[in-house]
file model_35.cif (mmCIF, C-alpha atoms and all ligand atoms)
data_structure
loop_
_atom_site.label_atom_id
_atom_site.label_comp_id
_atom_site.auth_asym_id
_atom_site.auth_seq_id
_atom_site.Cartn_x
_atom_site.Cartn_y
_atom_site.Cartn_z
CA MET X 295 114.13 127.65 129.51
CA SER X 296 112.32 125.30 127.05
CA GLN X 297 112.67 121.56 127.56
CA HIS X 298 114.57 119.81 124.77
CA PHE X 299 113.54 116.49 123.23
CA ASP X 300 115.34 114.55 120.54
CA ILE X 301 111.99 113.84 118.88
CA VAL X 302 108.50 115.35 119.24
CA VAL X 303 105.63 113.27 117.80
CA ILE X 304 102.43 115.13 116.91
CA GLY X 305 99.35 112.94 117.48
CA ALA X 306 98.76 109.99 119.80
CA GLY X 307 96.52 107.84 117.64
CA ILE X 308 97.86 104.45 116.56
CA ALA X 309 100.46 106.14 114.32
CA GLY X 310 101.90 108.44 117.00
CA ALA X 311 101.71 105.81 119.75
CA SER X 312 103.38 103.09 117.69
CA ILE X 313 106.24 105.24 116.40
CA ALA X 314 106.84 106.66 119.90
CA ALA X 315 107.12 103.09 121.21
CA GLU X 316 109.81 102.35 118.61
CA LEU X 317 111.74 105.56 119.27
CA ALA X 318 111.57 105.89 123.05
CA PRO X 319 114.22 103.33 124.04
CA SER X 320 116.82 105.18 121.93
CA ALA X 321 115.84 108.86 122.18
CA SER X 322 114.06 111.40 124.40
CA VAL X 323 110.51 111.63 123.05
CA LEU X 324 107.47 113.84 123.66
CA VAL X 325 104.09 112.82 122.21
CA ALA X 326 101.76 115.84 121.94
CA GLU X 327 98.06 115.06 121.48
CA GLY X 328 95.53 117.82 120.86
CA GLU X 329 92.60 115.90 122.36
CA LYS X 330 91.97 114.92 125.98
CA PHE X 331 92.08 111.21 125.09
CA PRO X 332 94.55 109.57 122.68
CA GLY X 333 92.66 107.54 120.07
CA TYR X 334 89.64 109.89 120.05
CA HIS X 335 89.71 110.28 116.27
CA SER X 336 90.25 107.58 113.58
CA THR X 337 91.97 105.06 115.82
CA GLY X 338 88.98 104.77 118.14
CA ARG X 339 86.50 104.45 115.27
CA SER X 340 87.87 101.61 113.13
CA ALA X 341 86.16 98.40 112.09
CA ALA X 342 89.02 96.49 113.71
CA PHE X 343 90.04 93.99 111.09
CA TRP X 344 93.31 92.79 109.62
CA ALA X 345 93.02 91.62 106.01
CA GLU X 346 96.03 90.91 103.81
CA CYS X 347 94.48 92.44 100.69
CA TYR X 348 92.92 95.51 102.27
CA GLY X 349 94.46 98.68 100.86
CA GLY X 350 95.69 97.00 97.67
CA PRO X 351 98.93 95.30 96.58
CA GLY X 352 101.03 98.34 97.55
CA ILE X 353 99.98 97.87 101.19
CA ALA X 354 100.24 94.06 101.23
CA PRO X 355 103.94 94.00 102.31
CA LEU X 356 103.07 96.12 105.37
CA ASN X 357 99.99 94.00 106.12
CA LEU X 358 101.93 90.76 105.88
CA ALA X 359 104.89 91.94 107.99
CA SER X 360 102.55 93.38 110.62
CA GLY X 361 100.29 90.33 110.65
CA THR X 362 103.03 88.01 111.84
CA TRP X 363 103.84 90.34 114.75
CA LEU X 364 100.16 90.95 115.61
CA ARG X 365 99.43 87.22 115.63
CA ASP X 366 102.53 86.32 117.65
CA ASN X 367 101.65 88.95 120.25
CA GLY X 368 98.01 87.92 120.66
CA PHE X 369 96.30 90.92 119.02
CA LEU X 370 94.49 88.92 116.29
CA ARG X 371 91.47 86.63 116.46
CA GLN X 372 90.83 84.47 113.43
CA ARG X 373 87.74 85.36 111.36
CA GLY X 374 88.27 84.93 107.61
CA ALA X 375 86.87 87.22 104.90
CA LEU X 376 84.73 86.77 101.81
CA HIS X 377 84.71 89.15 98.86
CA LEU X 378 81.31 88.43 97.29
CA ALA X 379 80.56 88.67 93.58
CA ARG X 380 77.64 88.13 91.19
CA GLU X 381 77.77 86.58 87.71
CA GLU X 382 78.23 90.02 86.15
CA ASP X 383 81.25 90.71 88.40
CA ALA X 384 83.42 87.97 86.81
CA ALA X 385 85.88 90.48 85.35
CA GLN X 386 86.38 92.09 88.78
CA VAL X 387 87.02 88.69 90.37
CA GLN X 388 89.69 87.97 87.78
CA ALA X 389 91.18 91.45 88.17
CA PHE X 390 91.36 90.96 91.96
CA GLU X 391 93.27 87.71 91.55
CA ASP X 392 95.60 89.22 88.95
CA GLU X 393 96.28 92.28 91.12
CA PHE X 394 97.45 90.18 94.06
CA ALA X 395 99.34 87.49 92.12
CA GLY X 396 102.85 87.17 93.51
CA THR X 397 102.23 89.40 96.55
CA GLY X 398 102.28 86.53 99.05
CA VAL X 399 98.67 86.90 100.22
CA THR X 400 96.51 83.81 100.70
CA ILE X 401 93.33 83.92 98.63
CA GLU X 402 91.12 81.26 97.12
CA ARG X 403 87.98 81.16 94.97
CA LEU X 404 84.75 79.83 96.46
CA GLY X 405 81.46 78.85 94.81
CA ARG X 406 77.83 79.19 95.81
CA ASP X 407 77.75 76.14 98.12
CA ASP X 408 80.60 77.48 100.23
CA ILE X 409 79.04 80.96 100.33
CA GLU X 410 75.71 79.53 101.54
CA ARG X 411 77.47 77.53 104.24
CA LEU X 412 79.50 80.53 105.46
CA VAL X 413 76.76 83.19 105.15
CA PRO X 414 73.34 81.61 105.89
CA GLY X 415 70.55 83.72 104.39
CA ILE X 416 72.67 85.00 101.49
CA ARG X 417 70.57 86.04 98.49
CA PRO X 418 70.81 83.85 95.34
CA GLU X 419 72.55 86.36 93.04
CA TRP X 420 75.80 86.15 95.07
CA THR X 421 77.32 83.18 93.29
CA HIS X 422 81.10 83.67 93.58
CA ALA X 423 83.55 84.78 96.22
CA ILE X 424 87.21 85.23 96.90
CA SER X 425 88.10 84.05 100.36
CA GLU X 426 90.87 85.49 102.55
CA PRO X 427 91.05 82.71 105.14
CA LEU X 428 93.66 84.45 107.29
CA CYS X 429 91.66 87.65 107.85
CA ALA X 430 91.30 88.38 111.57
CA ASP X 431 89.79 90.81 114.08
CA ILE X 432 92.32 93.14 115.72
CA ASP X 433 92.16 94.09 119.39
CA VAL X 434 92.56 97.79 118.53
CA GLY X 435 92.22 99.12 122.08
CA GLY X 436 94.70 96.57 123.35
CA LEU X 437 97.20 97.35 120.58
CA HIS X 438 96.94 101.12 121.08
CA GLN X 439 97.38 100.76 124.86
CA HIS X 440 100.31 98.41 124.30
CA TYR X 441 102.09 101.05 122.22
CA LEU X 442 101.31 103.90 124.65
CA ALA X 443 102.56 101.80 127.57
CA THR X 444 105.71 100.72 125.69
CA ALA X 445 106.45 104.36 124.82
CA ARG X 446 106.04 105.40 128.48
CA GLN X 447 108.21 102.52 129.69
CA GLY X 448 110.88 103.68 127.25
CA GLY X 449 110.77 107.13 128.86
CA ALA X 450 108.47 108.99 126.43
CA GLN X 451 106.24 111.73 127.81
CA LEU X 452 102.62 111.95 126.65
CA ARG X 453 100.87 115.32 126.91
CA THR X 454 97.16 115.52 126.08
CA ASN X 455 95.11 118.69 125.44
CA CYS X 456 98.36 119.83 123.86
CA ARG X 457 97.87 120.88 120.22
CA LEU X 458 100.84 122.00 118.15
CA THR X 459 100.16 125.61 117.16
CA ALA X 460 103.61 126.91 116.14
CA ALA X 461 106.86 125.45 114.79
CA ARG X 462 109.96 127.24 113.55
CA ARG X 463 113.46 126.15 112.69
CA GLU X 464 116.20 127.38 115.02
CA GLY X 465 119.75 126.19 114.45
CA ALA X 466 119.68 122.45 113.75
CA GLY X 467 116.29 121.88 115.36
CA TRP X 468 112.79 123.11 116.11
CA VAL X 469 111.16 125.50 118.56
CA LEU X 470 107.58 124.31 119.09
CA GLY X 471 104.58 126.01 120.68
CA PHE X 472 101.42 124.31 121.97
CA SER X 473 97.82 125.22 122.76
CA ASP X 474 98.40 124.78 126.52
CA GLY X 475 100.95 127.62 126.41
CA SER X 476 103.98 125.31 126.69
CA GLN X 477 107.01 125.43 124.42
CA CYS X 478 109.82 122.99 123.77
CA LYS X 479 112.76 122.38 121.49
CA ALA X 480 113.18 119.29 119.33
CA GLY X 481 115.68 117.78 116.94
CA VAL X 482 113.07 115.96 114.83
CA LEU X 483 109.37 116.73 114.43
CA VAL X 484 107.24 113.67 113.52
CA ASN X 485 103.94 114.38 111.80
CA ALA X 486 101.54 111.63 112.95
CA ALA X 487 98.51 113.94 112.95
CA GLY X 488 96.18 111.76 110.84
CA ALA X 489 93.58 113.92 109.10
CA TRP X 490 95.48 117.03 110.21
CA ALA X 491 98.81 115.98 108.64
CA ASP X 492 98.74 118.67 105.95
CA GLN X 493 97.80 121.31 108.56
CA VAL X 494 100.79 120.30 110.69
CA ALA X 495 103.02 120.60 107.62
CA GLY X 496 101.66 124.10 107.13
CA ILE X 497 102.41 125.01 110.76
CA ALA X 498 105.98 123.79 110.23
CA GLY X 499 106.27 125.89 107.08
CA THR X 500 106.62 123.03 104.63
CA LYS X 501 104.55 122.02 101.63
CA PRO X 502 101.37 119.97 102.27
CA LEU X 503 101.23 116.72 100.26
CA GLY X 504 97.51 116.69 99.54
CA ILE X 505 96.60 114.25 102.31
CA THR X 506 92.81 114.22 102.22
CA PRO X 507 90.43 112.90 104.90
CA TYR X 508 87.48 110.83 103.69
CA ARG X 509 84.52 110.06 105.93
CA ARG X 510 83.57 106.41 106.49
CA THR X 511 80.35 105.35 108.29
CA VAL X 512 79.67 102.29 110.42
CA VAL X 513 76.36 101.19 111.96
CA GLN X 514 75.70 98.58 114.61
CA LEU X 515 72.56 96.54 114.00
CA ARG X 516 70.58 93.93 115.89
CA VAL X 517 69.41 91.43 113.31
CA ASP X 518 67.23 88.33 113.23
CA PRO X 519 68.57 85.66 113.16
CA PRO X 520 71.17 86.99 115.64
CA SER X 521 74.65 87.49 114.17
CA ASP X 522 76.62 84.28 114.20
CA PRO X 523 79.94 85.03 115.96
CA ASP X 524 81.72 82.84 113.39
CA LEU X 525 80.47 84.79 110.37
CA PRO X 526 83.39 85.96 108.20
CA LEU X 527 84.01 89.59 107.36
CA VAL X 528 81.80 89.94 104.25
CA LEU X 529 82.73 92.50 101.61
CA ASP X 530 81.70 92.80 97.99
CA ILE X 531 84.19 92.77 95.17
CA GLY X 532 82.98 96.20 94.00
CA ALA X 533 83.62 97.85 97.41
CA ASN X 534 80.03 98.85 98.20
CA PHE X 535 79.68 97.40 101.70
CA TYR X 536 81.24 95.27 104.40
CA PHE X 537 79.84 93.70 107.53
CA LYS X 538 81.00 91.47 110.35
CA PRO X 539 79.65 90.23 113.68
CA GLU X 540 80.64 92.01 116.88
CA SER X 541 79.50 90.91 120.35
CA GLY X 542 76.20 89.46 119.11
CA ARG X 543 75.51 92.44 116.83
CA LEU X 544 76.40 93.29 113.22
CA TRP X 545 78.82 96.05 112.21
CA LEU X 546 77.95 97.30 108.73
CA SER X 547 79.56 99.96 106.54
CA PRO X 548 78.40 101.25 103.13
CA HIS X 549 82.10 101.66 102.28
CA ASP X 550 81.51 105.40 101.86
CA GLU X 551 84.37 107.71 101.07
CA THR X 552 83.27 111.34 101.26
CA PRO X 553 86.10 113.89 101.13
CA CYS X 554 85.90 116.43 103.96
CA GLU X 555 87.87 118.82 106.13
CA PRO X 556 89.68 117.39 109.18
CA CYS X 557 87.00 117.31 111.91
CA ASP X 558 85.21 115.31 114.59
CA ALA X 559 83.39 113.21 111.97
CA ALA X 560 79.72 112.30 112.45
CA PRO X 561 77.56 109.93 110.38
CA GLU X 562 75.10 111.32 107.81
CA GLU X 563 71.57 109.85 107.74
CA LEU X 564 71.85 109.20 104.00
CA ASP X 565 74.94 107.00 104.45
CA VAL X 566 73.17 105.06 107.21
CA ALA X 567 70.18 104.49 104.91
CA ILE X 568 72.44 103.41 102.04
CA ALA X 569 74.22 100.93 104.31
CA ILE X 570 70.96 99.29 105.36
CA ASP X 571 69.62 99.23 101.80
CA ARG X 572 72.77 97.49 100.58
CA LEU X 573 72.65 94.90 103.39
CA GLU X 574 69.05 94.05 102.49
CA LYS X 575 70.20 93.27 98.95
CA VAL X 576 72.77 90.76 100.27
CA VAL X 577 71.00 88.75 102.98
CA ASP X 578 67.40 88.00 103.99
CA TRP X 579 67.99 88.89 107.67
CA LYS X 580 65.44 91.07 109.48
CA ILE X 581 66.87 94.29 110.88
CA GLU X 582 65.41 94.67 114.39
CA ALA X 583 67.23 97.77 115.62
CA LEU X 584 69.84 100.32 114.68
CA GLU X 585 71.74 100.51 117.96
CA ARG X 586 74.77 102.72 117.19
CA LYS X 587 76.26 104.66 114.34
CA TRP X 588 79.54 106.48 113.99
CA ALA X 589 81.91 107.87 111.40
CA GLY X 590 85.61 108.43 111.22
CA LEU X 591 88.17 109.80 108.81
CA ARG X 592 90.47 107.76 106.60
CA SER X 593 93.23 110.01 105.28
CA PHE X 594 94.95 109.25 101.99
CA ALA X 595 97.82 110.75 100.03
CA PRO X 596 96.93 111.34 96.34
CA ASP X 597 98.29 107.89 95.30
CA ARG X 598 96.67 106.15 98.31
CA LEU X 599 99.99 104.88 99.65
CA PRO X 600 101.13 106.01 103.10
CA VAL X 601 103.90 108.58 103.56
CA TYR X 602 106.88 107.59 105.71
CA GLY X 603 110.10 109.56 105.57
CA PHE X 604 111.91 112.87 106.00
CA ASP X 605 110.54 115.81 104.05
CA PRO X 606 113.00 116.49 101.19
CA LEU X 607 112.45 120.26 101.52
CA CYS X 608 112.34 120.73 105.29
CA ASP X 609 115.13 119.51 107.57
CA GLY X 610 114.06 117.47 110.58
CA PHE X 611 110.41 117.09 109.49
CA PHE X 612 109.31 113.45 109.30
CA TRP X 613 106.06 112.35 107.68
CA PHE X 614 104.19 109.44 109.25
CA ALA X 615 100.82 110.00 107.65
CA GLY X 616 98.30 108.87 105.03
CA GLN X 617 97.41 105.65 106.89
CA GLY X 618 94.10 105.49 105.03
CA GLY X 619 91.93 102.50 105.89
CA PHE X 620 94.85 100.33 106.97
CA GLY X 621 96.54 102.30 109.76
CA ILE X 622 95.80 99.77 112.50
CA GLN X 623 96.71 96.63 110.58
CA THR X 624 99.96 98.12 109.24
CA ALA X 625 101.03 99.83 112.48
CA PRO X 626 103.67 97.32 113.66
CA ALA X 627 105.71 97.23 110.43
CA ALA X 628 105.12 100.91 109.61
CA ALA X 629 106.31 102.11 113.01
CA ARG X 630 109.31 99.76 113.01
CA LEU X 631 110.32 100.96 109.54
CA ALA X 632 109.87 104.65 110.37
CA GLY X 633 111.76 104.24 113.64
CA GLN X 634 114.65 102.61 111.79
CA ILE X 635 114.79 105.50 109.30
CA ILE X 636 114.79 108.19 112.02
CA LEU X 637 117.30 106.38 114.24
CA ARG X 638 119.41 105.29 111.23
CA GLN X 639 119.15 101.68 112.36
CA GLN X 640 119.57 98.53 110.28
CA ARG X 641 116.44 96.83 109.01
CA ASP X 642 115.38 93.75 110.95
CA ALA X 643 113.44 90.58 110.17
CA MET X 644 110.13 92.45 110.21
CA THR X 645 111.09 95.19 107.75
CA GLN X 646 113.87 93.83 105.55
CA GLY X 647 111.56 92.78 102.69
CA ILE X 648 109.76 96.13 102.45
CA ASP X 649 110.69 98.64 99.73
CA VAL X 650 110.43 101.91 101.65
CA SER X 651 111.10 104.11 98.62
CA VAL X 652 107.48 103.68 97.47
CA TYR X 653 106.31 105.33 100.71
CA SER X 654 108.80 108.23 100.68
CA PRO X 655 107.49 111.82 100.57
CA ALA X 656 110.15 112.44 97.90
CA ARG X 657 107.85 110.65 95.40
CA PHE X 658 105.74 113.81 95.25
CA GLY X 659 108.66 115.80 93.84
C1 LIG S 701 85.18 103.65 109.98
C2 LIG S 701 86.64 103.28 109.89
C3 LIG S 701 86.98 101.94 109.82
C4 LIG S 701 88.33 101.58 109.77
N1 LIG S 701 88.65 100.26 109.83
C5 LIG S 701 89.95 99.90 109.86
C6 LIG S 701 90.30 98.53 109.99
O1 LIG S 701 89.44 97.66 110.10
N2 LIG S 701 91.64 98.20 110.01
C7 LIG S 701 92.60 99.17 109.91
O2 LIG S 701 93.79 98.82 109.91
N3 LIG S 701 92.28 100.46 109.79
C8 LIG S 701 90.99 100.86 109.77
N4 LIG S 701 90.66 102.16 109.66
C9 LIG S 701 91.75 103.15 109.46
C10 LIG S 701 92.43 103.48 110.78
O3 LIG S 701 91.48 103.75 111.77
C11 LIG S 701 93.35 104.69 110.55
O4 LIG S 701 94.22 104.44 109.46
C12 LIG S 701 94.21 104.96 111.77
O5 LIG S 701 93.43 105.04 112.93
C13 LIG S 701 94.98 106.27 111.57
O6 LIG S 701 95.71 106.50 112.75
P1 LIG S 701 96.36 107.90 113.02
O7 LIG S 701 97.07 107.80 114.32
O8 LIG S 701 97.11 108.33 111.82
O9 LIG S 701 95.13 108.93 113.13
P2 LIG S 701 94.25 109.36 114.39
O10 LIG S 701 93.83 108.21 115.21
O11 LIG S 701 93.17 110.25 113.88
O12 LIG S 701 95.28 110.19 115.26
C14 LIG S 701 95.77 111.45 114.86
C15 LIG S 701 95.84 112.30 116.12
O13 LIG S 701 96.54 113.51 115.83
C16 LIG S 701 95.99 114.50 116.70
N5 LIG S 701 96.35 115.81 116.18
C17 LIG S 701 95.99 116.37 114.99
N6 LIG S 701 96.54 117.61 114.87
C18 LIG S 701 97.26 117.83 115.99
C19 LIG S 701 98.06 118.92 116.46
N7 LIG S 701 98.21 120.04 115.74
N8 LIG S 701 98.66 118.82 117.67
C20 LIG S 701 98.51 117.67 118.42
N9 LIG S 701 97.75 116.62 118.03
C21 LIG S 701 97.15 116.70 116.83
C22 LIG S 701 94.49 114.24 116.64
O14 LIG S 701 93.83 114.79 117.76
C23 LIG S 701 94.44 112.71 116.61
O15 LIG S 701 94.23 112.15 117.89
C24 LIG S 701 89.34 102.57 109.73
C25 LIG S 701 88.97 103.92 109.78
C26 LIG S 701 87.64 104.28 109.87
C27 LIG S 701 87.29 105.73 109.96
#

call {"tool": "encode", "arguments": {"input": "model_35.cif", "output": "structure tokens"}}
result
Amino acid sequence: MSQHFDIVVIGAGIAGASIAAELAPSASVLVAEGEKFPGYHSTGRSAAFWAECYGGPGIAPLNLASGTWLRDNGFLRQRGALHLAREEDAAQVQAFEDEFAGTGVTIERLGRDDIERLVPGIRPEWTHAISEPLCADIDVGGLHQHYLATARQGGAQLRTNCRLTAARREGAGWVLGFSDGSQCKAGVLVNAAGAWADQVAGIAGTKPLGITPYRRTVVQLRVDPPSDPDLPLVLDIGANFYFKPESGRLWLSPHDETPCEPCDAAPEELDVAIAIDRLEKVVDWKIEALERKWAGLRSFAPDRLPVYGFDPLCDGFFWFAGQGGFGIQTAPAAARLAGQIILRQQRDAMTQGIDVSVYSPARFG
């Protein structure tokens, strides 16, 4: 006889782990992860920052609500961020400020003297910046482990090497089949499969939402002078690069966004070369070695907002997908909100100011 769970979560990245942690105290939960190690895909490949503006104004409420929790629980380390601009980027600087007006984020304009002080070696054409003083590094491994441990303490089971391969409705619930040959029954099926979210919808017989994975590359460089540990996260206002110090090295991304199939993403040489070329146009530092490079997938719904909610066409199918480039920094509020929807619980202090209708799968008709 198949085991029965109230809720089966597909995927044990930050999305699956965090929602399981919210659900486990109130329901029987299985988390099924296709890989041997949870976090093998996007969650283990992030650039590990929390920035209030990252993802745009539609994500800011999730960033802000999550930031308070992350800071209070010791998962953030203060860094600050600078969005650099040149004289010709004045319209983009203004547009950035206008876009975030009234969202509650903390931003301020800086001039050349401040930029030179914060980024020694900056080239002369970078004359303006918008600062996000509250930007911080996230302890991603610690946060992911915290959620996996909280889920287990709540009674959730985690099965790895266990890929969902079949799902059919039976009565008021689901009969699910997995790649390890096991089967189980479930009341609710949660789709936290990251880049594979549309595939999981297909397995469950419901309509995919057009969630598309985009490859993003990061390189680790040794530079001279050595990376100052207090350097802010440095981005440009046109979204062509970002870099930050990490353990005496520099993490640099060309901010690439190449659509691709869900896969074990690997960096392309061209993206690595573009990253280095762009860095050389920003600072006069000497690049001594390219020590590591990796790529991961950021998966977006067509409108680039995440998707949290029950599928309007398929009973018992819950979307927790489309976490894009902000899935770590939004995890606390997103998981709390999604857990409250599934368990039909009241909103709490963390989620009460968030308009969940903008994230509902029903918006796709
Ligand atoms: C280079 C890069 C930098 C980033 N930087 C940041 C950052 O600084 N801050 C930030 O907040 N975010 C950042 N992100 C985004 C963040 O990493 C993602 O939004 C987040 O990790 C998504 O989490 P997830 O759990 O949805 O996906 P994943 O971590 O990919 O987890 C999905 C899991 O589902 C499993 N799965 C898929 N199909 C099945 C199936 N059929 N059965 C069972 N399991 C299945 C997969 O094996 C996978 O482990 C970055 C991403 C990249 C690539």

call {"tool": "closest_residue", "arguments": {"input": "model_35.cif", "among": "X:Ala314, X:Gly590, X:Ile304, X:Ile635", "to": "Ile497 (chain X)", "atoms": "all atoms listed in the file"}}
result
X:Ile304

call {"tool": "residues_around", "arguments": {"input": "model_35.cif", "residues": "region 340-344 of chain X", "least_positions_apart": "4", "cutoff": "8 Å", "atoms": "only C-alpha atoms", "output": "mmCIF file with C-alpha atoms, in the frame of the given file"}}
result
data_model
loop_
_atom_site.group_PDB
_atom_site.id
_atom_site.type_symbol
_atom_site.label_atom_id
_atom_site.label_comp_id
_atom_site.auth_asym_id
_atom_site.auth_seq_id
_atom_site.Cartn_x
_atom_site.Cartn_y
_atom_site.Cartn_z
ATOM 1 C CA SER X 336 90.250 107.580 113.580
ATOM 2 C CA TYR X 348 92.920 95.510 102.270
ATOM 3 C CA ASN X 357 99.990 94.000 106.120
ATOM 4 C CA GLY X 361 100.290 90.330 110.650
ATOM 5 C CA LEU X 370 94.490 88.920 116.290
ATOM 6 C CA CYS X 429 91.660 87.650 107.850
ATOM 7 C CA ALA X 430 91.300 88.380 111.570
ATOM 8 C CA ASP X 431 89.790 90.810 114.080
ATOM 9 C CA ILE X 432 92.320 93.140 115.720
ATOM 10 C CA ASP X 433 92.160 94.090 119.390
ATOM 11 C CA VAL X 434 92.560 97.790 118.530
ATOM 12 C CA VAL X 512 79.670 102.290 110.420
ATOM 13 C CA TRP X 545 78.820 96.050 112.210
ATOM 14 C CA GLY X 590 85.610 108.430 111.220
ATOM 15 C CA ILE X 622 95.800 99.770 112.500
ATOM 16 C CA GLN X 623 96.710 96.630 110.580
#

call {"tool": "closest_atom_pairs", "arguments": {"input": "model_35.cif", "of": "chain X", "to": "ligand LIG 701 (chain S)", "cutoff": "7 Å", "atoms": "all atoms listed in the file", "output": "CSV"}}
result
residue,atom,partner,partner_atom,distance
X:Ile304,CA,S:LIG701,C20,4.9
X:Gly305,CA,S:LIG701,O13,3.3
X:Ala306,CA,S:LIG701,C15,5.2
X:Gly307,CA,S:LIG701,O7,3.4
X:Ile308,CA,S:LIG701,O7,4.1
X:Ala309,CA,S:LIG701,O7,3.8
X:Gly310,CA,S:LIG701,O7,5.6
X:Ala326,CA,S:LIG701,C20,5.1
X:Glu327,CA,S:LIG701,N9,3.8
X:Gly328,CA,S:LIG701,N9,3.8
X:Glu329,CA,S:LIG701,O14,4.9
X:Pro332,CA,S:LIG701,O15,5.5
X:Gly333,CA,S:LIG701,O10,5.0
X:Tyr334,CA,S:LIG701,O15,5.6
X:His335,CA,S:LIG701,O11,4.2
X:Ser336,CA,S:LIG701,O11,4.0
X:Thr337,CA,S:LIG701,O5,3.2
X:Gly338,CA,S:LIG701,O10,6.6
X:Arg339,CA,S:LIG701,C2,5.5
X:Ser340,CA,S:LIG701,C4,3.4
X:Ala341,CA,S:LIG701,N1,3.8
X:Ala342,CA,S:LIG701,O1,3.8
X:Phe343,CA,S:LIG701,O1,3.8
X:Trp344,CA,S:LIG701,N2,5.7
X:Cys456,CA,S:LIG701,C20,5.9
X:Arg457,CA,S:LIG701,N8,3.4
X:Leu458,CA,S:LIG701,N8,3.9
X:Thr459,CA,S:LIG701,N7,6.1
X:Ala486,CA,S:LIG701,O8,5.6
X:Ala487,CA,S:LIG701,O13,3.5
X:Gly488,CA,S:LIG701,O8,3.7
X:Ala489,CA,S:LIG701,O11,6.0
X:Trp490,CA,S:LIG701,N6,4.8
X:Ala491,CA,S:LIG701,N6,6.8
X:Val494,CA,S:LIG701,N7,5.7
X:Arg509,CA,S:LIG701,C27,6.5
X:Arg510,CA,S:LIG701,C1,4.7
X:Thr511,CA,S:LIG701,C1,5.4
X:Val512,CA,S:LIG701,C1,5.7
X:Ala589,CA,S:LIG701,C1,5.5
X:Gly590,CA,S:LIG701,C27,3.4
X:Leu591,CA,S:LIG701,C27,4.3
X:Arg592,CA,S:LIG701,C27,5.1
X:Ala615,CA,S:LIG701,O8,5.8
X:Gly616,CA,S:LIG701,O8,6.9
X:Gln617,CA,S:LIG701,O4,4.3
X:Gly618,CA,S:LIG701,O4,4.6
X:Gly619,CA,S:LIG701,C9,3.6
X:Phe620,CA,S:LIG701,O2,3.5
X:Gly621,CA,S:LIG701,O4,3.2
X:Ile622,CA,S:LIG701,O2,3.4
X:Gln623,CA,S:LIG701,O2,3.7
X:Thr624,CA,S:LIG701,O2,6.2

call {"tool": "atom_distance", "arguments": {"input": "model_35.cif", "atom1": "CA of Leu544 (chain X)", "atom2": "CA of Arg403 (chain X)"}}
result
24.8 Å

call {"tool": "closest_residue", "arguments": {"input": "model_35.cif", "among": "X:Asp383, X:Asp518, X:Glu316, X:Asp492", "to": "Ala595 (chain X)", "atoms": "only C-alpha atoms"}}
result
X:Asp492

call {"tool": "residues_around", "arguments": {"input": "model_35.cif", "residues": "Thr397 (chain X)", "least_positions_apart": "3", "cutoff": "7 Å", "atoms": "only C-alpha atoms", "output": "compact mmCIF listing (two decimals) with C-alpha atoms, in the coordinates of the input"}}
result
# COMPACT_ATOMS: atom_id res chain seq x y z
CA PRO X 351 98.93 95.30 96.58
CA ALA X 354 100.24 94.06 101.23
CA PHE X 394 97.45 90.18 94.06

call {"tool": "residues_near_point", "arguments": {"input": "model_35.cif", "point": "(107.7, 90.7, 111.0)", "cutoff": "6 Å", "atoms": "all atoms listed in the file", "output": "number ranges by chain"}}
result
X: 359-360, 362-363, 643-644

call {"tool": "residues_around", "arguments": {"input": "model_35.cif", "residues": "Trp579 (chain X)", "least_positions_apart": "2", "cutoff": "7 Å", "atoms": "all atoms listed in the file", "output": "number ranges by chain"}}
result
X: 415, 517-519, 577, 581

call {"tool": "closest_residue", "arguments": {"input": "model_35.cif", "among": "X:Ala583, X:Cys554, X:Ala311, X:Ala384", "to": "Gly435 (chain X)", "atoms": "all atoms listed in the file"}}
result
X:Ala311

call {"tool": "residues_near_point", "arguments": {"input": "model_35.cif", "point": "(104.8, 126.2, 122.7)", "cutoff": "12 Å", "atoms": "all atoms listed in the file", "output": "PDB file with C-alpha atoms, in the frame of the given file"}}
result
ATOM      1  CA  MET X 295     114.130 127.650 129.510  1.00  0.00           C
ATOM      2  CA  SER X 296     112.320 125.300 127.050  1.00  0.00           C
ATOM      3  CA  GLN X 297     112.670 121.560 127.560  1.00  0.00           C
ATOM      4  CA  HIS X 298     114.570 119.810 124.770  1.00  0.00           C
ATOM      5  CA  VAL X 302     108.500 115.350 119.240  1.00  0.00           C
ATOM      6  CA  ALA X 326     101.760 115.840 121.940  1.00  0.00           C
ATOM      7  CA  CYS X 456      98.360 119.830 123.860  1.00  0.00           C
ATOM      8  CA  ARG X 457      97.870 120.880 120.220  1.00  0.00           C
ATOM      9  CA  LEU X 458     100.840 122.000 118.150  1.00  0.00           C
ATOM     10  CA  THR X 459     100.160 125.610 117.160  1.00  0.00           C
ATOM     11  CA  ALA X 460     103.610 126.910 116.140  1.00  0.00           C
ATOM     12  CA  ALA X 461     106.860 125.450 114.790  1.00  0.00           C
ATOM     13  CA  ARG X 462     109.960 127.240 113.550  1.00  0.00           C
ATOM     14  CA  TRP X 468     112.790 123.110 116.110  1.00  0.00           C
ATOM     15  CA  VAL X 469     111.160 125.500 118.560  1.00  0.00           C
ATOM     16  CA  LEU X 470     107.580 124.310 119.090  1.00  0.00           C
ATOM     17  CA  GLY X 471     104.580 126.010 120.680  1.00  0.00           C
ATOM     18  CA  PHE X 472     101.420 124.310 121.970  1.00  0.00           C
ATOM     19  CA  SER X 473      97.820 125.220 122.760  1.00  0.00           C
ATOM     20  CA  ASP X 474      98.400 124.780 126.520  1.00  0.00           C
ATOM     21  CA  GLY X 475     100.950 127.620 126.410  1.00  0.00           C
ATOM     22  CA  SER X 476     103.980 125.310 126.690  1.00  0.00           C
ATOM     23  CA  GLN X 477     107.010 125.430 124.420  1.00  0.00           C
ATOM     24  CA  CYS X 478     109.820 122.990 123.770  1.00  0.00           C
ATOM     25  CA  LYS X 479     112.760 122.380 121.490  1.00  0.00           C
ATOM     26  CA  ALA X 480     113.180 119.290 119.330  1.00  0.00           C
TER      27      ALA X 480
END
